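> I'm passing along upload-v1.txt; it holds compact mmCIF, C-alpha atoms.
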```txt
# COMPACT_ATOMS: atom_id res chain seq x y z
CA MET R 302 -4.49 -24.12 23.58
CA ASP R 303 -6.01 -27.57 23.16
CA GLU R 304 -6.94 -29.81 26.10
CA THR R 305 -3.56 -31.54 26.18
CA GLU R 306 -1.70 -28.24 26.34
CA VAL R 307 -3.99 -26.93 29.09
CA PHE R 308 -3.56 -30.13 31.08
CA GLU R 309 0.23 -30.00 30.84
CA ALA R 310 0.17 -26.36 31.94
CA GLU R 311 -2.02 -27.28 34.91
CA ARG R 312 -0.17 -30.50 35.82
CA PRO R 313 2.32 -28.91 38.30
CA ARG R 314 -0.51 -27.22 40.22
CA LEU R 315 -2.63 -30.37 40.23
CA LEU R 316 0.35 -32.35 41.48
CA ARG R 317 0.91 -29.87 44.31
CA ILE R 318 -2.73 -30.15 45.36
CA ALA R 319 -2.70 -33.95 45.27
CA THR R 320 0.64 -34.17 47.09
CA ARG R 321 -0.56 -31.84 49.84
CA LEU R 322 -3.79 -33.79 50.29
CA LEU R 323 -2.33 -37.29 50.14
CA ALA R 324 1.19 -36.66 51.53
CA ASP R 325 2.53 -39.15 49.01
CA ARG R 326 4.23 -37.98 45.81
CA ALA R 327 3.81 -41.28 43.95
CA GLU R 328 0.13 -41.53 44.85
CA ALA R 329 -0.36 -37.90 43.84
CA GLU R 330 1.18 -38.58 40.43
CA ASP R 331 -1.16 -41.53 40.02
CA VAL R 332 -4.18 -39.35 40.84
CA VAL R 333 -3.15 -36.68 38.34
CA GLN R 334 -2.73 -39.35 35.68
CA GLN R 335 -6.24 -40.61 36.47
CA ALA R 336 -7.52 -37.05 36.01
CA TRP R 337 -5.89 -36.98 32.57
CA LEU R 338 -7.55 -40.28 31.64
CA ARG R 339 -10.94 -38.93 32.72
CA LEU R 340 -10.37 -35.83 30.62
CA HIS R 341 -9.43 -38.01 27.66
CA ARG R 342 -12.68 -39.98 28.02
CA ASN R 343 -14.88 -36.97 28.72
CA GLN R 344 -17.50 -36.19 26.07
CA ALA R 345 -19.34 -33.36 27.82
CA GLU R 346 -18.61 -29.69 27.25
CA ILE R 347 -16.26 -28.17 29.83
CA GLU R 348 -16.73 -24.50 30.64
CA SER R 349 -13.45 -24.03 32.53
CA LEU R 350 -10.85 -26.74 32.06
CA PRO R 351 -8.58 -25.67 34.98
CA ALA R 352 -11.58 -25.68 37.34
CA TRP R 353 -12.75 -29.04 35.98
CA LEU R 354 -9.29 -30.54 36.48
CA THR R 355 -9.10 -29.15 40.03
CA THR R 356 -12.46 -30.67 40.89
CA VAL R 357 -11.69 -34.07 39.38
CA THR R 358 -8.24 -34.27 40.97
CA THR R 359 -9.56 -33.28 44.38
CA ARG R 360 -12.44 -35.76 44.23
CA LEU R 361 -10.02 -38.54 43.34
CA CYS R 362 -7.91 -37.56 46.35
CA LEU R 363 -11.01 -37.40 48.53
CA ASP R 364 -11.95 -40.94 47.51
CA ARG R 365 -8.53 -42.14 48.60
CA LEU R 366 -8.66 -40.26 51.88
CA ARG R 367 -12.09 -41.70 52.64
CA ALA R 368 -10.79 -45.18 51.87
CA ARG R 369 -8.07 -44.64 54.49
CA ILE R 370 -10.37 -43.27 57.21
CA PRO R 371 -14.12 -43.90 56.83
CA ILE R 372 -15.99 -40.77 57.92
CA PRO R 373 -19.81 -40.61 58.32
CA ARG R 374 -21.54 -38.27 55.88
CA ALA R 375 -22.91 -36.39 58.88
CA GLU R 376 -19.42 -34.88 59.18
CA LEU R 377 -20.36 -32.58 56.30
CA ALA R 378 -23.17 -30.91 58.21
CA PRO R 379 -22.40 -27.43 59.56
CA ALA R 380 -22.48 -28.15 63.28
CA GLU R 381 -20.96 -25.01 64.80
CA THR R 382 -21.73 -21.34 64.76
CA ALA R 383 -18.28 -20.22 65.92
CA PRO R 384 -16.85 -17.14 64.17
CA ASP R 385 -14.90 -17.98 61.05
CA PRO R 386 -11.34 -16.64 61.35
CA ALA R 387 -10.71 -16.92 57.60
CA GLU R 388 -10.44 -13.16 57.11
CA ALA R 389 -8.15 -12.66 60.11
CA VAL R 390 -5.92 -15.72 59.95
CA VAL R 391 -3.89 -16.52 56.87
CA VAL R 392 -2.32 -19.94 57.39
CA ALA R 393 -1.88 -20.61 53.68
CA ASP R 394 1.27 -22.23 52.43
CA ALA R 395 3.19 -21.50 55.63
CA VAL R 396 1.50 -24.58 57.06
CA GLY R 397 3.16 -26.60 54.33
CA VAL R 398 4.60 -29.96 54.98
CA ALA R 399 5.66 -28.96 58.50
CA LEU R 400 2.10 -29.66 59.60
CA GLN R 401 1.49 -32.69 57.43
CA LEU R 402 1.22 -34.88 60.50
CA VAL R 403 -1.41 -32.53 61.91
CA LEU R 404 -3.31 -32.65 58.62
CA GLU R 405 -3.43 -36.42 58.99
CA LYS R 406 -5.60 -35.92 62.07
CA LEU R 407 -8.28 -34.05 60.12
CA SER R 408 -11.27 -35.70 58.50
CA PRO R 409 -11.02 -36.01 54.69
CA GLN R 410 -13.59 -33.22 54.27
CA GLU R 411 -11.78 -30.87 56.67
CA ARG R 412 -8.49 -31.60 54.99
CA VAL R 413 -9.84 -30.88 51.51
CA ALA R 414 -11.55 -27.66 52.60
CA PHE R 415 -8.50 -26.39 54.45
CA VAL R 416 -5.88 -27.28 51.84
CA LEU R 417 -7.87 -26.02 48.85
CA HIS R 418 -8.84 -22.74 50.46
CA ASP R 419 -5.84 -21.83 52.61
CA SER R 420 -3.07 -23.20 50.41
CA PHE R 421 -4.53 -22.77 46.91
CA SER R 422 -7.11 -19.97 47.36
CA VAL R 423 -9.95 -22.05 45.92
CA GLU R 424 -13.35 -20.44 46.46
CA PHE R 425 -15.71 -22.06 48.93
CA SER R 426 -18.33 -22.43 46.20
CA THR R 427 -15.93 -24.69 44.28
CA ILE R 428 -14.95 -26.57 47.44
CA ALA R 429 -18.64 -27.09 48.18
CA ALA R 430 -19.14 -28.65 44.75
CA VAL R 431 -16.21 -31.01 45.34
CA LEU R 432 -17.57 -32.08 48.73
CA ASP R 433 -21.21 -32.18 47.62
CA THR R 434 -22.21 -29.71 50.32
CA THR R 435 -22.95 -25.99 50.68
CA PRO R 436 -20.46 -23.10 50.66
CA VAL R 437 -21.41 -22.34 54.28
CA ALA R 438 -20.63 -25.93 55.31
CA ALA R 439 -17.36 -25.87 53.34
CA ARG R 440 -16.34 -22.66 55.10
CA LYS R 441 -17.09 -24.22 58.48
CA LEU R 442 -15.08 -27.31 57.60
CA ALA R 443 -12.05 -25.14 56.81
CA SER R 444 -12.58 -23.14 60.00
CA ARG R 445 -12.83 -26.31 62.08
CA ALA R 446 -9.61 -27.60 60.47
CA ARG R 447 -7.84 -24.33 61.32
CA SER R 448 -8.94 -24.63 64.93
CA LYS R 449 -7.64 -28.19 65.19
CA ILE R 450 -4.32 -27.16 63.66
CA ALA R 451 -4.01 -24.23 66.05
CA MET R 452 -4.64 -26.53 69.02
CA SER R 453 -2.03 -28.98 67.76
CA THR R 454 0.59 -26.28 67.27
CA PRO R 455 0.70 -23.93 70.27
CA GLY R 456 1.63 -20.41 69.24
CA GLY R 457 0.89 -21.26 65.62
CA ARG R 458 4.20 -23.07 65.16
CA PRO R 459 4.78 -26.79 64.72
CA ALA R 460 6.56 -28.75 67.43
CA ALA R 461 10.21 -29.63 66.83
CA TRP R 462 9.40 -33.29 66.18
CA GLU R 463 6.82 -32.27 63.55
CA VAL R 464 9.40 -30.12 61.77
CA VAL R 465 11.99 -32.92 61.83
CA ASP R 466 9.53 -35.54 60.57
CA ALA R 467 8.11 -33.20 57.95
CA PHE R 468 11.61 -32.35 56.74
CA MET R 469 12.54 -36.02 56.37
CA ALA R 470 9.23 -36.76 54.60
CA ALA R 471 9.85 -33.91 52.15
CA ALA R 472 13.37 -35.25 51.55
CA ARG R 473 12.06 -38.72 50.73
CA GLN R 474 9.36 -37.29 48.46
CA GLY R 475 11.82 -35.08 46.60
CA ASP R 476 9.77 -31.99 47.49
CA PHE R 477 12.49 -29.34 47.19
CA GLN R 478 10.24 -26.33 47.76
CA HIS R 479 8.90 -27.68 51.05
CA LEU R 480 12.41 -28.50 52.19
CA VAL R 481 13.39 -24.89 51.54
CA ARG R 482 10.39 -23.60 53.52
CA LEU R 483 11.45 -25.63 56.55
CA LEU R 484 15.01 -24.25 56.59
CA ALA R 485 16.33 -21.03 58.09
CA PRO R 486 18.20 -18.85 55.55
CA ASP R 487 21.53 -19.36 57.32
CA VAL R 488 21.05 -23.10 58.00
CA ALA R 489 24.20 -25.22 58.00
CA ILE R 490 25.13 -28.90 58.01
CA THR R 491 28.21 -29.99 59.92
CA ALA R 492 29.63 -33.42 60.70
CA ASP R 493 31.85 -35.12 63.22
CA ASP R 494 34.95 -37.05 62.13
CA ALA R 495 33.21 -40.41 62.30
CA ALA R 496 30.37 -39.21 60.07
CA MET R 497 32.82 -37.77 57.55
CA ARG R 498 34.49 -41.17 57.31
CA THR R 499 31.15 -42.56 56.08
CA GLY R 500 31.13 -40.04 53.21
CA THR R 501 29.22 -37.19 54.84
CA PRO R 502 30.48 -33.73 53.77
CA GLU R 503 32.21 -31.69 56.45
CA ARG R 504 30.00 -28.64 55.99
CA ILE R 505 27.17 -27.35 53.80
CA ASN R 506 25.92 -23.77 54.14
CA GLY R 507 22.70 -22.14 53.00
CA ARG R 508 19.06 -23.01 52.55
CA ASP R 509 19.16 -24.05 48.90
CA GLU R 510 22.35 -26.07 49.30
CA VAL R 511 21.04 -28.00 52.32
CA ALA R 512 17.71 -28.64 50.60
CA ALA R 513 19.49 -29.89 47.48
CA PHE R 514 21.64 -32.24 49.57
CA PHE R 515 18.59 -33.91 51.16
CA ASN R 516 16.24 -33.68 48.17
CA GLY R 517 15.13 -37.17 47.12
CA GLY R 518 17.29 -38.93 49.72
CA ALA R 519 17.19 -40.18 53.31
CA HIS R 520 15.03 -43.19 52.44
CA ALA R 521 16.69 -45.34 55.11
CA ALA R 522 16.36 -42.71 57.84
CA LEU R 523 13.98 -43.28 60.74
CA PRO R 524 12.62 -40.96 63.46
CA VAL R 525 14.56 -41.13 66.73
CA PHE R 526 15.27 -39.28 69.92
CA PHE R 527 18.83 -38.12 70.59
CA GLY R 528 18.58 -37.88 74.33
CA THR R 529 15.36 -35.88 74.67
CA ARG R 530 15.68 -34.07 71.32
CA PRO R 531 13.74 -35.28 68.23
CA ALA R 532 16.06 -36.32 65.43
CA ALA R 533 16.46 -38.88 62.65
CA ALA R 534 19.03 -41.55 61.97
CA TRP R 535 20.21 -43.66 59.09
CA PHE R 536 19.84 -47.32 59.96
CA HIS R 537 21.57 -50.34 58.44
CA ARG R 538 20.52 -53.86 59.40
CA GLY R 539 18.61 -52.54 62.37
CA GLN R 540 21.47 -50.46 63.76
CA ALA R 541 21.77 -46.66 63.77
CA LYS R 542 24.84 -45.72 61.75
CA VAL R 543 24.55 -41.94 61.30
CA LEU R 544 22.51 -39.59 63.46
CA PHE R 545 20.90 -36.47 61.96
CA ASP R 546 20.93 -34.13 64.96
CA PHE R 547 18.49 -31.26 64.27
CA THR R 548 18.36 -27.86 65.92
CA VAL R 549 14.90 -26.30 65.40
CA VAL R 550 14.13 -22.69 66.31
CA ASP R 551 10.73 -21.05 65.79
CA GLY R 552 9.56 -23.83 63.47
CA LEU R 553 12.63 -23.76 61.21
CA VAL R 554 15.69 -25.98 60.99
CA VAL R 555 18.76 -23.86 61.79
CA HIS R 556 21.39 -26.59 62.02
CA ILE R 557 21.85 -30.30 61.27
CA ARG R 558 24.88 -32.12 62.62
CA PHE R 559 25.72 -35.58 61.32
CA ARG R 560 27.04 -37.71 64.17
CA ALA R 561 28.48 -41.19 63.99
CA GLU R 562 30.56 -41.36 67.16
CA PRO R 563 29.66 -44.46 69.21
CA GLU R 564 28.83 -42.32 72.26
CA ALA R 565 26.29 -40.32 70.22
CA LEU R 566 24.73 -43.38 68.57
CA ALA R 567 24.37 -44.98 72.01
CA GLN R 568 21.85 -42.24 72.89
CA VAL R 569 19.64 -42.94 69.86
CA VAL R 570 16.18 -44.31 70.66
CA ARG R 571 13.48 -44.99 68.07
CA ARG R 572 10.28 -42.96 68.32
CA ASP R 573 6.81 -42.67 66.82
CA GLY R 574 5.98 -38.99 66.55
CA GLN R 575 6.59 -37.51 69.99
CA GLN R 576 6.38 -40.86 71.76
CA ARG R 577 9.35 -43.00 72.66
CA ARG R 578 9.23 -46.41 70.97
CA ASP R 579 10.00 -49.22 73.41
```
When written as structure tokens, how does the structure in this file appear?

Amino acid sequence: MDETEVFEAERPRLLRIATRLLADRAEAEDVVQQAWLRLHRNQAEIESLPAWLTTVTTRLCLDRLRARIPIPRAELAPAETAPDPAEAVVVADAVGVALQLVLEKLSPQERVAFVLHDSFSVEFSTIAAVLDTTPVAARKLASRARSKIAMSTPGGRPAAWEVVDAFMAAARQGDFQHLVRLLAPDVAITADDAAMRTGTPERINGRDEVAAFFNGGAHAALPVFFGTRPAAAWFHRGQAKVLFDFTVVDGLVVHIRFRAEPEALAQVVRRDGQQRRD
């Protein structure tokens, strides 16, 4: 295989890495395209093209993360001696997009170390090269990230509002696989009469069918509370028109009911994360 063929074979994986790190599908695609341009301009010999592409893509993502949140270089120093739970705790892809909001709280270095190792099984020696640090420091960064995630998600499961927001983010990004991971196998969508009059289907059953219905949509939906329960709602000209009423059990969406009755919409209040928006 020539370089172009190898790149095209690696593109889906590179895109998954960039999307997980940046939480933005369009930005991830831009980063992967930049990696291709760098490969096209490269004149040096490359020992392992997949590894080279992983490193370049991750460093491009790291640059963007650092531009969002400036972090002192001292953050890279191994500061703790706490036991590393890497061999006992496998967070891996189960974290997925459900904890994307928690990942946002990590430093760029922690985020890179955690995502590369726990979601993509990248060796700490490679992560260390990306971060310009040592394998020991890279391991500690991933361990520190795991600890922060565990503290943010009691019992190892995301809060209901995190699941709802992550589901809506995956819908907007067209990330079908992450939508599927957030849904219970027997998940169902139902709708009240008022919602059906807006064009909402009466019922959709099954994980793949529900994910396909939301995939690439919900761009006008905003996070809300329905009473005290986290939800989302489709807004038009500043007014909630259709409520997406989520039922979340053990970190998975088990039911979504579309509501458009006036009495239901009257209980809709905008929110930011888990905080009511006044």
> Which protein, DNA or RNA residues are at most 10 Å from (22.7, -47.2, 64.1) in the file's coordinates when you count all atoms listed in the file, listed as an MDAnalysis selection string?
chainID R and resid 522 534:544 561 563 565:567 569:570
> List the spatial neighbours of R:Leu404 as number ranges by chain - criterion: any atom at most 9 Å away, only C-alpha atoms, same-chain residues fewer than 5 positions off excluded.
R: 322, 411-412, 446, 450
> Ranking R:Arg317, R:Arg440, R:Arg482, R:His520 by minimum distance to R:Arg508 and counting all atoms listed in the file, which one comes first?
R:Arg482
> Quick one: residues within 8 Å of (25.6, -27.3, 60.0) (file frame), counting all atoms listed in the file, please, as number ranges by chain.
R: 488-492, 504-506, 555-558
> What is the distance between atom CA of R:Arg445 and atom CA of R:Ala414, in Å to one decimal?
9.7 Å
> Quote the spacing between atom CA of R:Asp419 and atom CA of R:Ser444 in Å to one decimal place.
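Going from atom CA of R:Asp419 over to atom CA of R:Ser444, I get 10.1 Å.
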> Skipping near chain neighbours, those fewer than 5 positions away, what residues fall within 12 Å of stretch 343-347 of chain R using all atoms listed in the file, listed as a PyMOL selection string?
chain R and resi 304+336-338+352-354+356-357
> Counting all atoms listed in the file, figure out which residue out of R:Asp494, R:Glu510, R:Asp466, R:Asp331 gets nearest to R:Val481.
R:Glu510
> Let me make sure I understand: among R:Glu424, R:Glu311, R:Glu564, R:Asp551, which one has the smallest atom-to-atom distance to R:Ala443 if we use all atoms listed in the file?
R:Glu424
> Can you work out the spacing between atom CA of R:Lys441 and atom CA of R:Arg367 in Å, to one decimal?
19.1 Å
> I want to know what sits within 12 Å of R:Phe425, based on all atoms listed in the file, with residues of the same chain fewer than 6 positions away left out; could you give that as a PyMOL selection string?
chain R and resi 387+413-419+431-444
> Would you pick out the contacts of R:Gln474 at 8 Å or less, using only C-alpha atoms, so that residues sharing its chain but fewer than 6 positions from it are not included, and give the list as a compact mmCIF listing (two decimals) with C-alpha atoms, in the coordinates of the input?

```txt
# COMPACT_ATOMS: atom_id res chain seq x y z
CA ASP R 325 2.53 -39.15 49.01
CA ARG R 326 4.23 -37.98 45.81
CA ASN R 516 16.24 -33.68 48.17
CA GLY R 517 15.13 -37.17 47.12
```
